[in-house]
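Visitor: Before I ask anything, here is the structure I am working with.
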Amino acid sequence: MLTIAVSKGRIYDEALPLLAEADIIPIDDPKTSRKLILKTNHADIQLIIIRATDVPTFVEYGAADIGIAGKDVLIEHDSDNLYEPIDLNIACCKLMTAAPTNAPDISGRVRVATKYVKTAERYFASKGIQAKIIKLYGAMELAPLVGLADYIVDVVDTGNTLRANGLEPRELIMNISSRLVVNKASMKMKHQIIQPLLDQFEKTLAAR
Ligand code: ATP
Ligand code: PRP
Ligand code: MG
C-alpha cells in the first residue's frame with residue numbers, strides 16, 4: 001500500500017490535477033465525505049486527509065509514504081528526516097511580517113504573534129531584533145488590532161486579509177510553495193512505485 005498525505009482545502013484542490021496526471025483519482029471527495037482515508041482508482045494507493053501542519057509528522061514517522069506540504073509548514077517542522085524532492089509550485093504565497101498600516105518601527109523588544117514560532121524566532125534573531133513570540137493557532141491578523149502584538153508573521157497572497165484588518169506587509173521572510181515530501185525508508189523500500197510517480201510529477205510540472 002502507498003499512502004499519500006494531503007490537507008483539505010487549497011492543497012487538496014491544487015494537488016488533484018497533479019495526481020490525476022499520474023493517474024491517481026480519489027474515489028471519495030473530502031468536501032462531501034467525512035472519511036479520513038480516501039480510496040483511489042488503485043487498490044494499493046490511498047490518500048489520507050489531515051491538517052496541513054500534521055503532514056510532515058505523518059510522513060516522517062512513515063504513517064504516510066508521501067505528503068504534500070507548504071514550505072512554511074516544513075521549515076517550521078524543521079526535520080532532517082524528510083526527503084523533499086519536488087517543488088510542486090502550488091499554493092504559492094509569501095511568508096511575511098506585517099504591522100498596522102503606517103505604524104512606526106518599534107525600537108527595543110517587539111511582540112510578534114504567529115503560528116510559525118520557530119521560524120519567527122529565527123527570523124528576528126537573524127535581524128538582531130529582540131522578539132517575544134506569542135503562539136497563536138489562527139486569526140493572527142487580529143493580534144495587533146487588540147494590543148496583543150506589534151507584528152505578525154503569516155502567509156500573504158493577495159494581501160486582502162491584511163488590508164481588511166488595517167495591516168500592511170512589511171518584510172518578506174520567504175517565498176512559499178508546496179513541496180512533495182517522501183519518507184526516507186519508503187523511498188528505498190517502495191522505490192518501484194514511488195520513483196515513477198516522482199517522474200510523472202516532474203513531467204507534468206515541466207509542461208506547465
Ligand atoms: P489549518 O486550516 O489546518 O489551520 P492551514 O490554514 O495552514 O491549516 P491551508 O490554509 O489549506 O491550511 O494552507 C495550506 C498551505 O497553503 C499553507 O501551509 C501555505 O503553504 C499555503 N497557503 C496558506 N494560505 C494561502 C493563501 N492565502 N494563498 C496561497 N497559499 C496559501
Ligand atoms: C490564509 C492566511 C491569511 C490569508 C492570506 O488564510 O492565514 O489569513 O490566507 O491570503 P490573502 O493575502 O490572499 O488574503 P486562509 O484563507 O487559509 O484562512 P484560515 O485562517 O482558515 O487558514
Ligand atoms: Mg489557512
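Residue numbering restarts at 1 in every chain; chains get A, B, ... in the order shown in the C-alpha cells, and ligands count up from 1 in that same order.
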Show me, as JSON lines, the residues of chain A having an atom within 10 Å of ligand 1, each with the closest atom pair and its distance in Å, using only C-alpha atoms and all ligand atoms.
Guide:
{"residue": "A:Val6", "atom": "CA", "partner": "ligand 1", "partner_atom_place_in_ligand_line": "14 (C)", "distance": 9.5}
{"residue": "A:Ser7", "atom": "CA", "partner": "ligand 1", "partner_atom_place_in_ligand_line": "11 (O)", "distance": 6.5}
{"residue": "A:Lys8", "atom": "CA", "partner": "ligand 1", "partner_atom_place_in_ligand_line": "11 (O)", "distance": 6.2}
{"residue": "A:Gly9", "atom": "CA", "partner": "ligand 1", "partner_atom_place_in_ligand_line": "11 (O)", "distance": 4.9}
{"residue": "A:Arg10", "atom": "CA", "partner": "ligand 1", "partner_atom_place_in_ligand_line": "11 (O)", "distance": 4.9}
{"residue": "A:Ile11", "atom": "CA", "partner": "ligand 1", "partner_atom_place_in_ligand_line": "11 (O)", "distance": 5.8}
{"residue": "A:Tyr12", "atom": "CA", "partner": "ligand 1", "partner_atom_place_in_ligand_line": "11 (O)", "distance": 8.0}
{"residue": "A:Asp13", "atom": "CA", "partner": "ligand 1", "partner_atom_place_in_ligand_line": "11 (O)", "distance": 9.4}
{"residue": "A:Glu14", "atom": "CA", "partner": "ligand 1", "partner_atom_place_in_ligand_line": "16 (O)", "distance": 9.8}
{"residue": "A:Ile50", "atom": "CA", "partner": "ligand 1", "partner_atom_place_in_ligand_line": "3 (O)", "distance": 7.9}
{"residue": "A:Arg51", "atom": "CA", "partner": "ligand 1", "partner_atom_place_in_ligand_line": "3 (O)", "distance": 4.3}
{"residue": "A:Ala52", "atom": "CA", "partner": "ligand 1", "partner_atom_place_in_ligand_line": "8 (O)", "distance": 4.9}
{"residue": "A:Thr53", "atom": "CA", "partner": "ligand 1", "partner_atom_place_in_ligand_line": "7 (O)", "distance": 6.4}
{"residue": "A:Asp54", "atom": "CA", "partner": "ligand 1", "partner_atom_place_in_ligand_line": "3 (O)", "distance": 8.3}
{"residue": "A:Val55", "atom": "CA", "partner": "ligand 1", "partner_atom_place_in_ligand_line": "18 (O)", "distance": 9.9}
{"residue": "A:Ile68", "atom": "CA", "partner": "ligand 1", "partner_atom_place_in_ligand_line": "15 (C)", "distance": 9.3}
{"residue": "A:Ala69", "atom": "CA", "partner": "ligand 1", "partner_atom_place_in_ligand_line": "18 (O)", "distance": 6.3}
{"residue": "A:Gly70", "atom": "CA", "partner": "ligand 1", "partner_atom_place_in_ligand_line": "20 (O)", "distance": 3.5}
{"residue": "A:Lys71", "atom": "CA", "partner": "ligand 1", "partner_atom_place_in_ligand_line": "20 (O)", "distance": 5.8}
{"residue": "A:Asp72", "atom": "CA", "partner": "ligand 1", "partner_atom_place_in_ligand_line": "20 (O)", "distance": 5.4}
{"residue": "A:Val73", "atom": "CA", "partner": "ligand 1", "partner_atom_place_in_ligand_line": "18 (O)", "distance": 5.3}
{"residue": "A:Leu74", "atom": "CA", "partner": "ligand 1", "partner_atom_place_in_ligand_line": "18 (O)", "distance": 8.3}
{"residue": "A:Ile90", "atom": "CA", "partner": "ligand 1", "partner_atom_place_in_ligand_line": "30 (N)", "distance": 7.6}
{"residue": "A:Ala91", "atom": "CA", "partner": "ligand 1", "partner_atom_place_in_ligand_line": "30 (N)", "distance": 3.9}
{"residue": "A:Cys92", "atom": "CA", "partner": "ligand 1", "partner_atom_place_in_ligand_line": "30 (N)", "distance": 4.7}
{"residue": "A:Cys93", "atom": "CA", "partner": "ligand 1", "partner_atom_place_in_ligand_line": "29 (C)", "distance": 4.6}
{"residue": "A:Lys94", "atom": "CA", "partner": "ligand 1", "partner_atom_place_in_ligand_line": "30 (N)", "distance": 8.0}
{"residue": "A:Leu95", "atom": "CA", "partner": "ligand 1", "partner_atom_place_in_ligand_line": "20 (O)", "distance": 8.6}
{"residue": "A:Lys115", "atom": "CA", "partner": "ligand 1", "partner_atom_place_in_ligand_line": "7 (O)", "distance": 9.2}
{"residue": "A:Tyr137", "atom": "CA", "partner": "ligand 1", "partner_atom_place_in_ligand_line": "4 (O)", "distance": 6.9}
{"residue": "A:Gly138", "atom": "CA", "partner": "ligand 1", "partner_atom_place_in_ligand_line": "4 (O)", "distance": 6.6}
{"residue": "A:Ala139", "atom": "CA", "partner": "ligand 1", "partner_atom_place_in_ligand_line": "6 (O)", "distance": 9.6}
{"residue": "A:Asp154", "atom": "CA", "partner": "ligand 1", "partner_atom_place_in_ligand_line": "24 (N)", "distance": 8.6}
{"residue": "A:Val155", "atom": "CA", "partner": "ligand 1", "partner_atom_place_in_ligand_line": "24 (N)", "distance": 5.8}
{"residue": "A:Val156", "atom": "CA", "partner": "ligand 1", "partner_atom_place_in_ligand_line": "27 (N)", "distance": 5.9}
{"residue": "A:Asp157", "atom": "CA", "partner": "ligand 1", "partner_atom_place_in_ligand_line": "28 (N)", "distance": 4.7}
{"residue": "A:Thr158", "atom": "CA", "partner": "ligand 1", "partner_atom_place_in_ligand_line": "27 (N)", "distance": 7.1}
{"residue": "A:Gly159", "atom": "CA", "partner": "ligand 1", "partner_atom_place_in_ligand_line": "27 (N)", "distance": 8.4}
{"residue": "A:Asn160", "atom": "CA", "partner": "ligand 1", "partner_atom_place_in_ligand_line": "27 (N)", "distance": 9.1}
{"residue": "A:Thr161", "atom": "CA", "partner": "ligand 1", "partner_atom_place_in_ligand_line": "27 (N)", "distance": 8.5}
{"residue": "A:Asn175", "atom": "CA", "partner": "ligand 1", "partner_atom_place_in_ligand_line": "20 (O)", "distance": 9.5}
{"residue": "A:Ile176", "atom": "CA", "partner": "ligand 1", "partner_atom_place_in_ligand_line": "20 (O)", "distance": 5.9}
{"residue": "A:Ser177", "atom": "CA", "partner": "ligand 1", "partner_atom_place_in_ligand_line": "20 (O)", "distance": 5.7}
{"residue": "A:Ser178", "atom": "CA", "partner": "ligand 1", "partner_atom_place_in_ligand_line": "20 (O)", "distance": 5.8}
{"residue": "A:Arg179", "atom": "CA", "partner": "ligand 1", "partner_atom_place_in_ligand_line": "20 (O)", "distance": 9.0}
Visitor: As a ChimeraX atom specification, list the residues of stretch 8-101 of chain A assigned to strand (DSSP E or B) by DSSP on the backbone atoms of this structure.
Guide: /A:26,37-40,45-49,66-70,82-87,93-100
Visitor: For the residues in that selection, give me C-alpha atoms as a compact mmCIF listing (two decimals), in the first residue's frame.
Guide:
# COMPACT_ATOMS: atom_id res chain seq x y z
CA PRO A 26 -9.64 9.56 -5.39
CA ILE A 37 -8.87 7.68 4.28
CA LEU A 38 -9.82 8.08 0.63
CA LYS A 39 -9.61 5.10 -1.67
CA THR A 40 -8.36 5.75 -5.17
CA ILE A 45 -2.87 3.66 -3.27
CA GLN A 46 -4.79 5.65 -0.66
CA LEU A 47 -4.95 9.29 0.38
CA ILE A 48 -5.18 10.39 3.98
CA ILE A 49 -6.74 13.77 4.75
CA ILE A 66 4.41 10.66 0.64
CA GLY A 67 2.90 14.01 1.57
CA ILE A 68 2.25 17.43 0.16
CA ALA A 69 3.02 20.32 2.49
CA GLY A 70 3.69 24.05 2.32
CA LEU A 82 12.23 14.06 5.29
CA TYR A 83 13.22 13.73 1.69
CA GLU A 84 11.92 16.76 -0.24
CA PRO A 85 12.45 16.00 -3.92
CA ILE A 86 9.97 18.23 -5.77
CA ASP A 87 8.72 21.81 -5.60
CA CYS A 93 2.27 32.69 -1.19
CA LYS A 94 4.80 34.68 0.83
CA LEU A 95 5.74 34.35 4.47
CA MET A 96 5.91 37.92 5.74
CA THR A 97 5.94 40.17 8.73
CA ALA A 98 3.08 42.64 8.90
CA ALA A 99 2.09 45.53 11.13
CA PRO A 100 -0.67 48.14 11.43
Visitor: Can you work out the spacing between atom CA of A:Phe58 and atom CA of A:Val181 in Å, to one decimal?
Guide: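 Rounded to one decimal, the two atoms are 10.5 Å apart.
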Visitor: Measuring between only C-alpha atoms and all ligand atoms, which one of A:Ile173, A:Asp150, A:Arg122, A:Tyr116 shows the shortest distance to ligand 2?
Guide: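 Ranked by minimum distance to ligand 2, first place goes to A:Tyr116.
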Visitor: Between A:Met1, A:Met174, A:Ala15, A:Ala131, which one has atoms that come closest to A:Gly108, using only C-alpha atoms?
Guide: A:Ala131
Visitor: Find, counting only C-alpha atoms, the residue in A:Ser33, A:Thr101, A:Asn81, A:Thr204 that gets nearest to A:Pro169.
Guide: A:Thr101
Visitor: When you count only C-alpha atoms and all ligand atoms, which of these residues is closest to ligand 2: A:Asp28, A:Glu141, A:Glu168, A:Glu60?
Guide: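 Ranked by minimum distance to ligand 2, first place goes to A:Glu141.
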